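Enquirer: Following this line is input11.cif, made up of mmCIF, C-alpha atoms:
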```cif
data_upload
loop_
_atom_site.label_atom_id
_atom_site.label_comp_id
_atom_site.auth_asym_id
_atom_site.auth_seq_id
_atom_site.Cartn_x
_atom_site.Cartn_y
_atom_site.Cartn_z
CA MET A 20 179.53 -35.88 135.92
CA ALA A 21 179.84 -39.53 136.85
CA GLN A 22 183.21 -40.97 136.02
CA ARG A 23 184.03 -44.51 134.90
CA GLN A 24 185.65 -46.56 137.63
CA TYR A 25 189.37 -47.24 137.16
CA SER A 26 191.57 -49.70 138.93
CA GLY A 27 195.28 -50.39 138.83
CA LEU A 28 196.41 -52.85 136.19
CA ALA A 29 199.13 -55.40 136.55
CA LEU A 30 201.47 -53.69 134.14
CA ALA A 31 204.78 -55.02 135.45
CA GLY A 32 206.39 -57.01 132.67
CA TRP A 33 203.85 -55.81 130.06
CA VAL A 34 206.31 -53.58 128.31
CA MET A 35 209.05 -56.21 128.48
CA ILE A 36 206.69 -58.60 126.74
CA LEU A 37 206.13 -56.01 124.05
CA GLY A 38 209.87 -55.75 123.56
CA LEU A 39 210.37 -52.11 124.45
CA GLY A 40 213.21 -52.72 126.87
CA ILE A 41 211.71 -51.01 129.92
CA ALA A 42 212.44 -52.81 133.15
CA PRO A 43 209.56 -54.46 134.99
CA GLY A 44 208.28 -52.25 137.76
CA ALA A 45 209.44 -49.02 136.09
CA ILE A 46 205.90 -48.44 134.89
CA ALA A 47 203.15 -48.51 137.47
CA PRO A 48 199.89 -46.73 138.20
CA THR A 49 200.71 -43.24 139.38
CA TRP A 50 198.34 -43.14 142.31
CA ALA A 51 199.79 -45.78 144.62
CA GLN A 52 203.46 -45.27 145.32
CA SER A 53 204.08 -44.60 148.98
CA ASP A 54 206.31 -46.41 151.45
CA ASP A 55 203.56 -46.15 154.07
CA PRO A 56 200.95 -48.95 153.62
CA ALA A 57 198.24 -46.87 155.31
CA ILE A 58 198.84 -43.95 153.01
CA GLU A 59 198.96 -46.29 150.04
CA ALA A 60 195.62 -47.86 150.99
CA GLU A 61 194.06 -44.42 151.44
CA GLN A 62 195.34 -43.31 148.04
CA ASP A 63 194.05 -46.45 146.35
CA GLU A 64 190.59 -45.94 147.87
CA GLU A 65 190.40 -42.32 146.77
CA ALA A 66 191.77 -43.13 143.32
CA GLU A 67 188.92 -45.49 142.52
CA LEU A 68 186.47 -42.60 142.54
CA ILE A 69 188.05 -40.22 140.05
CA HIS A 70 189.49 -40.25 136.56
CA PRO A 71 193.22 -41.10 136.39
CA LEU A 72 194.01 -37.70 134.94
CA GLN A 73 192.43 -35.95 137.92
CA ARG A 74 194.20 -37.87 140.67
CA PRO A 75 196.59 -36.03 142.98
CA ILE A 76 200.33 -36.01 142.37
CA THR A 77 202.02 -39.11 143.78
CA ALA A 78 205.53 -40.53 144.01
CA ASP A 79 205.68 -42.23 140.63
CA PRO A 80 208.73 -44.49 140.16
CA LEU A 81 209.61 -42.71 136.91
CA LEU A 82 210.24 -39.49 138.84
CA PRO A 83 213.70 -38.70 140.24
CA GLU A 84 214.26 -39.99 143.76
CA ARG A 85 214.42 -36.54 145.37
CA ILE A 86 211.07 -35.58 143.80
CA ARG A 87 209.48 -38.80 145.04
CA ALA A 88 210.86 -38.17 148.52
CA ALA A 89 209.34 -34.69 148.65
CA ILE A 90 205.96 -36.03 147.55
CA GLN A 91 206.04 -38.86 150.06
CA THR A 92 206.99 -36.48 152.86
CA GLU A 93 203.98 -34.34 152.07
CA ALA A 94 201.77 -37.42 151.84
CA ARG A 95 202.77 -38.56 155.35
CA LYS A 96 201.53 -35.35 156.94
CA LYS A 97 198.18 -35.45 158.63
CA LYS A 98 195.43 -34.05 156.47
CA ARG A 99 195.09 -30.88 158.52
CA ASP A 100 198.82 -30.17 158.16
CA ARG A 101 199.03 -30.74 154.44
CA ASP A 102 199.77 -27.79 152.23
CA PRO A 103 196.89 -27.51 149.73
CA ASN A 104 199.20 -25.58 147.41
CA PHE A 105 202.02 -28.11 147.63
CA THR A 106 204.06 -28.24 144.44
CA PRO A 107 206.87 -30.77 143.97
CA PRO A 108 210.35 -29.31 143.38
CA PRO A 109 211.21 -28.56 139.76
CA LEU A 110 213.40 -30.87 137.71
CA ASN A 111 216.93 -29.94 136.79
CA ALA A 112 218.07 -30.24 133.16
CA ALA A 113 219.43 -33.77 133.45
CA GLU A 114 216.33 -34.98 135.29
CA ALA A 115 214.07 -33.40 132.67
CA ILE A 116 215.89 -35.17 129.84
CA ALA A 117 215.72 -38.51 131.65
CA LEU A 118 212.00 -38.11 132.41
CA GLU A 119 211.20 -37.06 128.86
CA THR A 120 212.92 -40.17 127.52
CA ALA A 121 211.02 -42.39 129.96
CA LEU A 122 207.71 -40.76 129.04
CA ASP A 123 208.36 -41.17 125.32
CA ASP A 124 208.89 -44.88 126.01
CA LEU A 125 205.67 -44.91 128.02
CA ALA A 126 203.78 -43.29 125.14
CA GLN A 127 205.19 -45.89 122.77
CA ALA A 128 204.20 -48.68 125.14
CA GLY A 129 200.66 -47.34 125.12
CA GLN A 130 200.58 -47.37 121.34
CA VAL A 131 201.85 -50.95 121.23
CA ALA A 132 199.18 -51.95 123.73
CA LEU A 133 196.51 -50.31 121.57
CA ASP A 134 197.85 -52.04 118.47
CA ASN A 135 197.58 -55.33 120.37
CA ASP A 136 193.88 -54.77 121.16
CA ALA A 137 194.47 -53.75 124.77
CA PRO A 138 192.90 -50.28 124.84
CA GLU A 139 192.40 -50.12 128.62
CA THR A 140 196.07 -50.88 129.17
CA ALA A 141 196.99 -48.29 126.56
CA TYR A 142 194.99 -45.55 128.21
CA GLU A 143 196.26 -46.43 131.69
CA LEU A 144 199.79 -46.01 130.35
CA TRP A 145 198.92 -42.80 128.57
CA PHE A 146 197.24 -41.26 131.60
CA GLN A 147 200.31 -42.05 133.66
CA GLU A 148 202.36 -40.35 130.96
CA LEU A 149 200.04 -37.33 130.85
CA ARG A 150 200.21 -36.81 134.59
CA LEU A 151 204.00 -36.89 134.54
CA ARG A 152 204.26 -34.62 131.50
CA ARG A 153 203.25 -31.81 133.86
CA PHE A 154 206.77 -31.92 135.28
CA LEU A 155 208.11 -30.97 131.83
CA GLY A 156 206.02 -27.81 131.51
CA PRO A 157 202.67 -26.88 129.93
CA LEU A 158 203.85 -27.01 126.31
CA ALA A 159 204.98 -30.62 126.63
CA GLU A 160 201.81 -31.50 128.50
CA ILE A 161 199.50 -29.85 125.96
CA GLU A 162 201.21 -31.68 123.11
CA ALA A 163 200.64 -35.04 124.84
CA LEU A 164 197.05 -34.14 125.78
CA THR A 165 196.40 -33.29 122.13
CA ARG A 166 197.72 -36.64 120.93
CA VAL A 167 195.78 -38.74 123.43
CA GLY A 168 192.70 -36.53 123.26
CA ARG A 169 192.43 -36.93 119.51
CA LEU A 170 192.55 -40.72 119.81
CA ALA A 171 190.04 -40.71 122.66
CA TRP A 172 187.60 -38.65 120.63
CA GLU A 173 188.01 -40.85 117.55
CA GLN A 174 187.32 -43.92 119.70
CA SER A 175 184.28 -42.32 121.43
CA ARG A 176 185.83 -42.48 124.91
CA ASN A 177 183.66 -39.65 126.16
CA GLY A 178 184.79 -39.79 129.78
CA ASP A 179 188.42 -39.57 128.77
CA VAL A 180 187.69 -36.71 126.38
CA ALA A 181 185.90 -34.83 129.16
CA ALA A 182 188.82 -35.30 131.57
CA ILE A 183 191.35 -34.15 128.98
CA THR A 184 189.22 -31.13 128.11
CA GLU A 185 188.96 -30.25 131.80
CA ARG A 186 192.74 -30.48 132.17
CA LEU A 187 193.22 -28.20 129.16
CA SER A 188 190.82 -25.74 130.76
CA THR A 189 192.90 -25.81 133.96
CA ILE A 190 196.07 -25.08 131.99
CA GLN A 191 194.24 -22.24 130.24
CA THR A 192 193.22 -20.75 133.59
CA GLU A 193 196.70 -21.12 135.07
CA ALA A 194 198.14 -19.35 132.02
CA ASN A 195 195.76 -16.41 132.54
CA LEU A 196 193.92 -17.06 129.29
CA ASP A 197 190.34 -17.06 130.57
CA PRO A 198 188.10 -14.37 129.03
CA ILE A 199 186.83 -11.50 131.15
CA ASP A 200 183.08 -11.38 131.70
CA PRO A 201 182.15 -7.68 131.60
CA ASP A 202 178.75 -8.42 133.13
CA ALA A 203 180.06 -10.36 136.11
CA GLU A 204 179.17 -8.90 139.51
CA ARG A 205 182.16 -7.92 141.68
CA ASP A 206 182.62 -6.45 145.13
CA ARG A 207 183.44 -2.78 145.23
CA ASP A 208 186.83 -3.43 146.85
CA GLU A 209 187.68 -6.30 144.53
CA PRO A 210 190.53 -5.41 142.14
CA PRO A 211 189.67 -5.41 138.43
CA PRO A 212 190.33 -8.71 136.66
CA THR A 213 193.61 -9.18 134.87
CA PRO A 214 193.23 -9.18 131.09
CA PRO A 215 194.19 -12.40 129.31
CA ASP A 216 197.88 -12.76 128.53
CA LEU A 217 197.79 -12.53 124.74
CA THR A 218 201.57 -12.97 124.58
CA SER A 219 201.34 -16.49 126.00
CA PRO A 220 203.08 -19.15 123.87
CA LEU A 221 200.32 -21.57 124.91
CA ILE A 222 197.59 -19.96 122.80
CA GLN A 223 198.30 -21.80 119.54
CA PRO A 224 198.94 -25.20 121.20
CA LEU A 225 195.75 -24.85 123.24
CA ALA A 226 193.76 -24.01 120.11
CA GLU A 227 195.01 -27.17 118.41
CA ALA A 228 194.38 -29.25 121.53
CA TYR A 229 190.81 -28.00 121.86
CA GLU A 230 190.25 -28.81 118.20
CA ALA A 231 191.50 -32.36 118.80
CA VAL A 232 188.85 -32.95 121.49
CA ARG A 233 186.21 -31.03 119.50
CA SER A 234 185.85 -28.26 122.07
CA TYR A 235 184.63 -25.68 119.61
CA PRO A 236 184.09 -22.56 121.79
CA GLN A 237 187.49 -22.81 123.48
CA ALA A 238 189.31 -23.38 120.19
CA VAL A 239 187.63 -20.34 118.64
CA LEU A 240 188.53 -18.26 121.70
CA MET A 241 192.21 -19.17 121.39
CA TYR A 242 192.25 -18.28 117.70
CA ARG A 243 190.56 -14.96 118.49
CA TYR A 244 193.31 -14.27 121.00
CA GLN A 245 195.78 -14.86 118.18
CA LEU A 246 193.95 -12.47 115.88
CA ALA A 247 193.99 -9.79 118.57
CA THR A 248 197.79 -9.82 118.54
CA LEU A 249 198.12 -9.60 114.76
CA GLY A 250 198.17 -6.41 112.76
CA ALA A 251 196.35 -5.65 109.55
CA ASP A 252 198.69 -7.74 107.39
CA PHE A 253 196.44 -10.20 105.58
CA ASP A 254 199.16 -12.83 105.13
CA GLU A 255 199.48 -13.11 108.90
CA ARG A 256 195.77 -13.13 109.61
CA GLN A 257 194.73 -15.43 106.77
CA PRO A 258 195.61 -18.87 108.26
CA VAL A 259 194.06 -17.97 111.61
CA LEU A 260 190.89 -16.66 109.96
CA GLU A 261 190.68 -19.85 107.93
CA ASN A 262 190.84 -21.93 111.12
CA VAL A 263 188.07 -19.89 112.75
CA ALA A 264 185.88 -20.02 109.63
CA ARG A 265 186.33 -23.78 109.35
CA LEU A 266 185.43 -24.30 113.01
CA HIS A 267 182.28 -22.20 112.66
CA ARG A 268 181.32 -24.12 109.52
CA ASP A 269 181.95 -27.54 111.05
CA TRP A 270 179.87 -26.60 114.10
CA PHE A 271 177.01 -25.28 111.93
CA LYS A 272 177.56 -21.65 112.94
CA PHE A 273 176.91 -20.66 109.35
CA SER A 274 176.32 -16.94 109.85
CA GLU A 275 179.62 -16.57 111.69
CA ALA A 276 181.41 -18.64 109.05
CA ILE A 277 179.94 -16.55 106.22
CA ALA A 278 181.15 -13.31 107.82
CA ILE A 279 184.71 -14.59 108.09
CA TYR A 280 184.79 -16.10 104.60
CA GLN A 281 183.62 -12.74 103.26
CA ASP A 282 186.59 -11.11 105.02
CA LEU A 283 188.89 -13.74 103.57
CA LEU A 284 187.45 -13.19 100.09
CA THR A 285 188.03 -9.45 100.37
CA GLY A 286 191.61 -10.06 101.45
CA ALA A 287 192.30 -12.52 98.64
CA ARG A 288 190.92 -10.12 96.06
CA SER A 289 193.04 -7.27 97.45
CA GLN A 290 196.11 -9.39 96.73
CA ALA A 291 194.88 -10.79 93.41
CA ASP A 292 195.10 -14.25 94.97
CA LEU A 293 192.94 -16.06 92.41
CA ALA A 294 193.43 -19.53 93.88
CA ASN A 295 192.19 -18.61 97.34
CA GLU A 296 189.50 -16.34 95.87
CA GLN A 297 188.06 -19.43 94.21
CA VAL A 298 188.28 -21.44 97.45
CA TYR A 299 186.44 -18.78 99.45
CA LEU A 300 183.78 -18.35 96.77
CA GLU A 301 183.14 -22.11 96.85
CA GLU A 302 182.82 -22.06 100.65
CA LEU A 303 180.46 -19.08 100.54
CA ALA A 304 178.33 -20.69 97.84
CA ARG A 305 177.88 -23.82 99.96
CA LEU A 306 177.09 -21.79 103.07
CA TYR A 307 174.52 -19.62 101.26
CA ASP A 308 172.84 -22.80 100.00
CA GLU A 309 172.86 -24.24 103.53
CA THR A 310 171.12 -21.11 104.86
CA ASP A 311 168.64 -20.76 101.95
CA GLN A 312 170.10 -17.38 100.95
CA TRP A 313 169.34 -17.95 97.30
CA THR A 314 170.02 -14.43 95.99
CA GLU A 315 173.44 -14.32 97.67
CA ALA A 316 174.14 -17.85 96.46
CA ILE A 317 173.40 -16.89 92.85
CA ALA A 318 175.64 -13.82 92.96
CA THR A 319 178.48 -15.83 94.50
CA LYS A 320 178.13 -18.64 91.98
CA GLU A 321 178.20 -16.16 89.10
CA ASP A 322 181.55 -14.89 90.40
CA LEU A 323 182.66 -18.48 90.75
CA PHE A 324 181.58 -19.26 87.19
CA THR A 325 183.76 -16.40 85.95
CA ALA A 326 186.67 -17.77 87.98
CA TYR A 327 186.18 -21.25 86.47
CA LEU A 328 186.04 -19.87 82.93
CA ALA A 329 189.53 -18.45 83.38
CA LYS A 330 190.89 -21.93 84.07
CA PRO A 331 190.48 -24.56 81.31
CA LEU A 332 191.07 -27.34 83.82
CA PHE A 333 187.84 -26.40 85.57
CA VAL A 334 185.58 -26.88 82.55
CA GLN A 335 184.06 -29.93 84.25
CA LYS A 336 182.72 -27.67 87.01
CA LEU A 337 180.76 -25.33 84.74
CA ALA A 338 177.68 -27.50 84.11
CA PRO A 339 177.06 -28.50 87.75
CA LEU A 340 177.49 -24.88 88.78
CA ARG A 341 174.88 -23.76 86.24
CA LEU A 342 172.59 -26.52 87.53
CA SER A 343 173.04 -25.20 91.05
CA ILE A 344 172.16 -21.65 89.99
CA ALA A 345 169.07 -22.97 88.20
CA ARG A 346 167.92 -24.64 91.42
CA ASN A 347 168.42 -21.38 93.29
CA TYR A 348 166.18 -19.54 90.82
CA ALA A 349 163.61 -22.31 91.08
CA ALA A 350 163.66 -21.94 94.87
CA LEU A 351 163.03 -18.21 94.40
CA GLY A 352 160.02 -19.04 92.22
CA ASP A 353 161.62 -17.53 89.10
CA GLY A 354 160.72 -20.22 86.56
CA GLU A 355 161.92 -18.23 83.56
CA GLN A 356 165.44 -17.76 84.90
CA ALA A 357 165.52 -21.34 86.18
CA SER A 358 164.61 -22.58 82.70
CA GLU A 359 167.37 -20.45 81.15
CA PHE A 360 170.03 -21.84 83.47
CA TYR A 361 168.88 -25.45 83.08
CA GLN A 362 169.29 -25.02 79.32
CA GLN A 363 172.76 -23.54 79.82
CA ALA A 364 173.67 -26.44 82.11
CA PHE A 365 172.54 -28.95 79.49
CA THR A 366 174.55 -27.26 76.73
CA LEU A 367 177.70 -27.15 78.86
CA ALA A 368 177.29 -30.72 80.07
CA TRP A 369 176.69 -32.10 76.59
CA ALA A 370 179.73 -30.29 75.21
CA ALA A 371 181.87 -31.67 78.04
CA GLN A 372 180.39 -35.17 77.58
CA GLN A 373 178.99 -35.04 81.10
CA TYR A 374 175.90 -36.97 80.12
CA ALA A 375 174.67 -37.57 83.66
CA TYR A 376 174.56 -33.80 84.28
CA ALA A 377 172.96 -33.29 80.86
CA SER A 378 170.30 -35.84 81.74
CA GLU A 379 169.66 -34.20 85.10
CA ALA A 380 169.31 -30.76 83.51
CA LEU A 381 166.80 -32.04 80.96
CA GLU A 382 164.83 -33.99 83.53
CA THR A 383 164.50 -31.00 85.85
CA LEU A 384 163.67 -28.67 82.97
CA ALA A 385 161.02 -31.09 81.73
CA ALA A 386 159.51 -31.22 85.21
CA LEU A 387 159.47 -27.42 85.21
CA TYR A 388 157.61 -27.33 81.89
CA THR A 389 155.19 -29.93 83.23
CA ASP A 390 154.45 -27.74 86.25
CA TYR A 391 153.63 -24.88 83.87
CA GLY A 392 151.33 -27.10 81.77
CA GLN A 393 153.64 -27.18 78.72
CA LEU A 394 153.34 -30.93 78.25
CA ASN A 395 154.48 -31.26 74.62
CA GLU A 396 157.62 -29.25 75.39
CA ALA A 397 158.24 -31.48 78.40
CA ILE A 398 157.90 -34.62 76.25
CA ALA A 399 160.42 -33.23 73.77
CA LEU A 400 162.88 -32.68 76.61
CA TYR A 401 162.34 -36.21 77.90
CA ARG A 402 163.21 -37.53 74.42
CA GLU A 403 166.48 -35.64 74.65
CA GLN A 404 167.01 -36.99 78.13
CA LEU A 405 166.71 -40.52 76.78
CA LYS A 406 169.65 -39.79 74.48
CA ALA A 407 171.75 -38.41 77.34
CA ALA A 408 170.91 -41.36 79.58
CA GLN A 409 171.77 -43.77 76.76
CA TYR A 410 175.18 -42.13 76.34
CA ALA A 411 175.68 -42.41 80.10
CA TYR A 412 174.65 -46.11 80.05
CA ASP A 413 172.00 -45.22 82.62
CA GLN A 414 169.29 -47.82 82.11
CA TYR A 415 167.47 -46.89 85.29
CA THR A 416 167.06 -43.25 84.24
CA MET A 417 165.85 -44.39 80.80
CA MET A 418 163.20 -46.58 82.46
CA GLN A 419 162.04 -43.70 84.66
CA THR A 420 161.97 -41.32 81.69
CA TYR A 421 159.77 -43.66 79.64
CA ASP A 422 157.39 -43.78 82.59
CA ARG A 423 157.20 -39.98 82.80
CA MET A 424 156.65 -39.68 79.05
CA ALA A 425 153.87 -42.27 79.21
CA GLN A 426 152.07 -40.31 81.93
CA LEU A 427 152.26 -37.09 79.90
CA TYR A 428 150.99 -38.85 76.73
CA ARG A 429 148.20 -40.32 78.82
CA GLU A 430 147.26 -36.85 80.08
CA LEU A 431 147.17 -35.68 76.44
CA LYS A 432 144.93 -38.68 75.57
CA ASN A 433 147.63 -39.90 73.17
CA TYR A 434 147.24 -43.53 74.16
CA PRO A 435 149.25 -45.18 71.35
CA GLN A 436 152.35 -43.18 72.30
CA ALA A 437 151.68 -43.80 76.01
CA LEU A 438 151.50 -47.56 75.37
CA SER A 439 154.68 -47.43 73.28
CA ALA A 440 156.56 -45.61 76.06
CA LEU A 441 155.31 -48.06 78.72
CA GLN A 442 156.32 -51.03 76.58
CA ALA A 443 159.84 -49.60 76.20
CA GLY A 444 159.95 -49.04 79.95
CA LEU A 445 158.82 -52.61 80.62
CA GLU A 446 161.61 -54.02 78.44
CA ILE A 447 164.20 -52.14 80.50
CA ALA A 448 162.44 -53.14 83.73
CA ASN A 449 162.73 -56.79 82.73
CA ARG A 450 166.45 -56.39 82.04
CA LEU A 451 166.97 -54.68 85.40
CA GLY A 452 164.65 -57.02 87.31
CA HIS A 453 162.96 -53.96 88.81
CA ARG A 454 159.38 -52.56 88.64
CA GLU A 455 158.17 -55.12 86.11
CA ALA A 456 154.81 -55.47 87.85
CA TYR A 457 154.33 -51.69 87.84
CA PHE A 458 154.78 -51.36 84.06
CA GLU A 459 152.59 -54.41 83.36
CA GLU A 460 149.83 -52.88 85.48
CA GLN A 461 150.17 -49.50 83.76
CA LEU A 462 149.96 -51.14 80.34
CA GLU A 463 146.69 -52.82 81.30
CA ILE A 464 145.26 -49.56 82.65
CA VAL A 465 146.21 -47.45 79.62
CA ALA A 466 145.08 -50.17 77.22
CA GLY A 467 141.70 -50.13 78.94
CA GLU A 468 141.49 -46.33 78.75
CA SER A 469 142.25 -46.37 75.01
CA PHE A 470 138.95 -48.15 74.16
#
```
Please express what this file holds, its structure, as C-alpha cells.

Expert:
Amino acid sequence: MAQRQYSGLALAGWVMILGLGIAPGAIAPTWAQSDDPAIEAEQDEEAELIHPLQRPITADPLLPERIRAAIQTEARKKKRDRDPNFTPPPLNAAEAIALETALDDLAQAGQVALDNDAPETAYELWFQELRLRRFLGPLAEIEALTRVGRLAWEQSRNGDVAAITERLSTIQTEANLDPIDPDAERDRDEPPPTPPDLTSPLIQPLAEAYEAVRSYPQAVLMYRYQLATLGADFDERQPVLENVARLHRDWFKFSEAIAIYQDLLTGARSQADLANEQVYLEELARLYDETDQWTEAIATKEDLFTAYLAKPLFVQKLAPLRLSIARNYAALGDGEQASEFYQQAFTLAWAAQQYAYASEALETLAALYTDYGQLNEAIALYREQLKAAQYAYDQYTMMQTYDRMAQLYRELKNYPQALSALQAGLEIANRLGHREAYFEEQLEIVAGESF
C-alpha cells in the first residue's frame, strides 16, 4: 500500500510557543538523531519512504542517554554487521517514570497543535510519542494507539489508521494472540503451532483498540478470546457478548448478531432481568426487520408489546409497535391481520394523543382497503385521518388526504364530492404555497368529467 510522504517538521520552539514548558530541541522527529552525519543522512532518506510509525528505532532525545548511546552504536555498524533482532536495553524504574512524563507532555502538545489547526504537526508529535511508548510496554503503547487511532479514524486519515492497525497486529502477534489456521499446510517435521495465550492481559485493550480503528474482525476475535476464558456465569459473559453482538450489528453481520442477541435474551430471562430483556427484544426486532424475517419479527414484537404493557412509562411505544407489526403482516400478504393491527395502532395512538401515528395508521389502512376495492370504507378512513391530521396541525397531510379522497370519489363517479375535496385541497395548497397548479388542473379535469 502506498504511503503518504512525511518529512521532518521544524518543531523546535513549537511547544514553547504553545506554553507547555518543554525546552526547545527536546521534541524532534524520531528518525534523525545520530551523531554521525552520514548515518543521519541515510536515515533521513529511508524515513521519507515509510510511515512515521513504521520507521526503525532511533536515538530520540527524549530517551535516556544510555539508551540513545546503545542505539547509536548499533546504527554505526555496517549493514552486514547489524543485528536484525537488536533491541535497546530496557528502562529502569526512574527512567520509565521520566519518559512517561515526557510522553504525556508530548501527547498534550499534539492536542494543542490540533486545537490550533495544525493537524500535521499534531500527528508528527503523536507518532513520535507512539514510537517511544514502546519503551513503556505494550499496555501503555496500546492505550496511546487507541487514543490516536480513534482520532485518525474520525478525521478520515486512512493512511494513519492503516499504520496504527498494522502496529496493533504486530503487538498481537508478539503476544501470541494470532489464531491457528487448522487448514494451513505444514512440514512434517514442523512443530505444532502454539495455541493463543488466552491469559494475556492485552486481549481486552487490543479489542478496544481495534474497535477504535474500526477493525471489526480483529476486535471480534479478541472478544471471542475473552469468552473462551469465561465460565457459564451469565453476569461475566453478558458485557462481552453485548460487545460482540454490537460489532456484528454495526458491520451488518445480522445473522451473527441475531444469534448472540438470542443468547443474551435467554440469559436475561433466566435471571428475570426485565430491563435487559426489553433491550434485547428491541435489538432482535430491528434485526428481524432488517433481514425481512417477518414471522420472527412479529413474534418478537408481541413479546416486546407485553413488556411495554408492564411499564406505564412506555405507553408511548405501544402504537408505533402495533404499526410495525401491521407492516410485517402486510409484507407477508396477510391483509386481514394487517388491517386488525392498523386498527389497534390507531386506537392506541388516539388514546395517547399521538395524532401523527393515528394519522399514519388510518392512511395505511385506507390504502389497504383501496387495494382490496373497498373504496367507501377507504373514504371513511380518510375522513378520520383528516381529524387526526388536524389535531396534529399537519396541513400537508390534510392536503394529501383530500387529494386521495377526491381520486376515490372520482373512481366512484361521485363528482360533486370529488370537486369538494379538491377545492378543500386547493385552499390548503394556497396556504402552503405548494401544488397549487396540480389542484387547479385536477379541478378542471373533474369538472369536465362531471358533464

Enquirer: Within 10 Å of segment 327-344 of chain A, counting all atoms listed in the file, which residues qualify if same-chain residues fewer than 2 places away don't, as number ranges by chain?

Expert: A: 293, 297, 304, 308, 313-314, 316-325, 346-350, 356-357, 359-373, 376-377, 379-380, 383

Enquirer: Here's the selection I'm unsure about, the PyMOL selection byres ((chain A and resi 183) around 10); applied to the file above, which residues does it give, as a VMD selection string?

Expert: chain A and resid 70 72 to 73 146 149 161 164 to 165 167 to 169 171 177 to 182 184 to 189 228 to 229 232

Enquirer: So how far away is atom CA of Ile277 of chain A from atom CA of Glu309 of chain A, in Å?

Expert: 10.8 Å

Enquirer: One number please: atom CA of Pro435 of chain A to atom CA of Ser469 of chain A, in Å, one decimal.

Expert: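 If I compute the distance from atom CA of Pro435 of chain A to atom CA of Ser469 of chain A, I get 8.0 Å.
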
Enquirer: Find the residue from A:Ala231, A:Ala117, A:Leu441, A:Ala126 that sits nearest to Trp145 of chain A; use all atoms listed in the file when measuring.

Expert: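 Checking each candidate against Trp145 of chain A, we get A:Ala126 as the closest.
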
Enquirer: Can you measure atom CA of Ala264 of chain A to atom CA of Pro215 of chain A for me? One decimal in Å is fine.

Expert: 22.7 Å

Enquirer: Give me the residues near Pro83 of chain A as a PDB file with C-alpha atoms, keeping the file's coordinate frame, where near means some atom within 9 Å (using only C-alpha atoms) and where sequence neighbours in that chain fewer than 6 positions away do not count.

Expert:
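Generated file (selection38.pdb):
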```pdb
ATOM      1  CA  LEU A 110     213.400 -30.870 137.710  1.00  0.00           C
ATOM      2  CA  GLU A 114     216.330 -34.980 135.290  1.00  0.00           C
ATOM      3  CA  ALA A 117     215.720 -38.510 131.650  1.00  0.00           C
ATOM      4  CA  LEU A 118     212.000 -38.110 132.410  1.00  0.00           C
TER       5      LEU A 118
END
```

Enquirer: Given the PyMOL selection byres ((chain A and resi 426) around 10) and the file above, list the residues it selects as a list in words.

Expert: Ile398, Thr420, Tyr421, Asp422, Arg423, Met424, Ala425, Leu427, Tyr428, Arg429, Glu430, Leu431, Lys432, Asn433, Tyr434, Ala437, Leu438, Ala440, Leu441, Gln461 and Val465 of chain A

Enquirer: Can you pull out every residue within 10 Å of Asn262 of chain A, counting all atoms listed in the file, but drop anything in the same chain fewer than 6 positions away, and send it as a list in words?

Expert: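 My list of contacting residues is Ala226, Glu227, Glu230, Ala238, Val239, Tyr242 and Arg268 of chain A.
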
Enquirer: I need the residue nearest Leu158 of chain A from this list: A:Ile190, A:Leu400, A:Ala375, A:Ala385. Use all atoms listed in the file for the distance.

Expert: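 The shortest atom-to-atom distance to Leu158 of chain A comes from A:Ile190.
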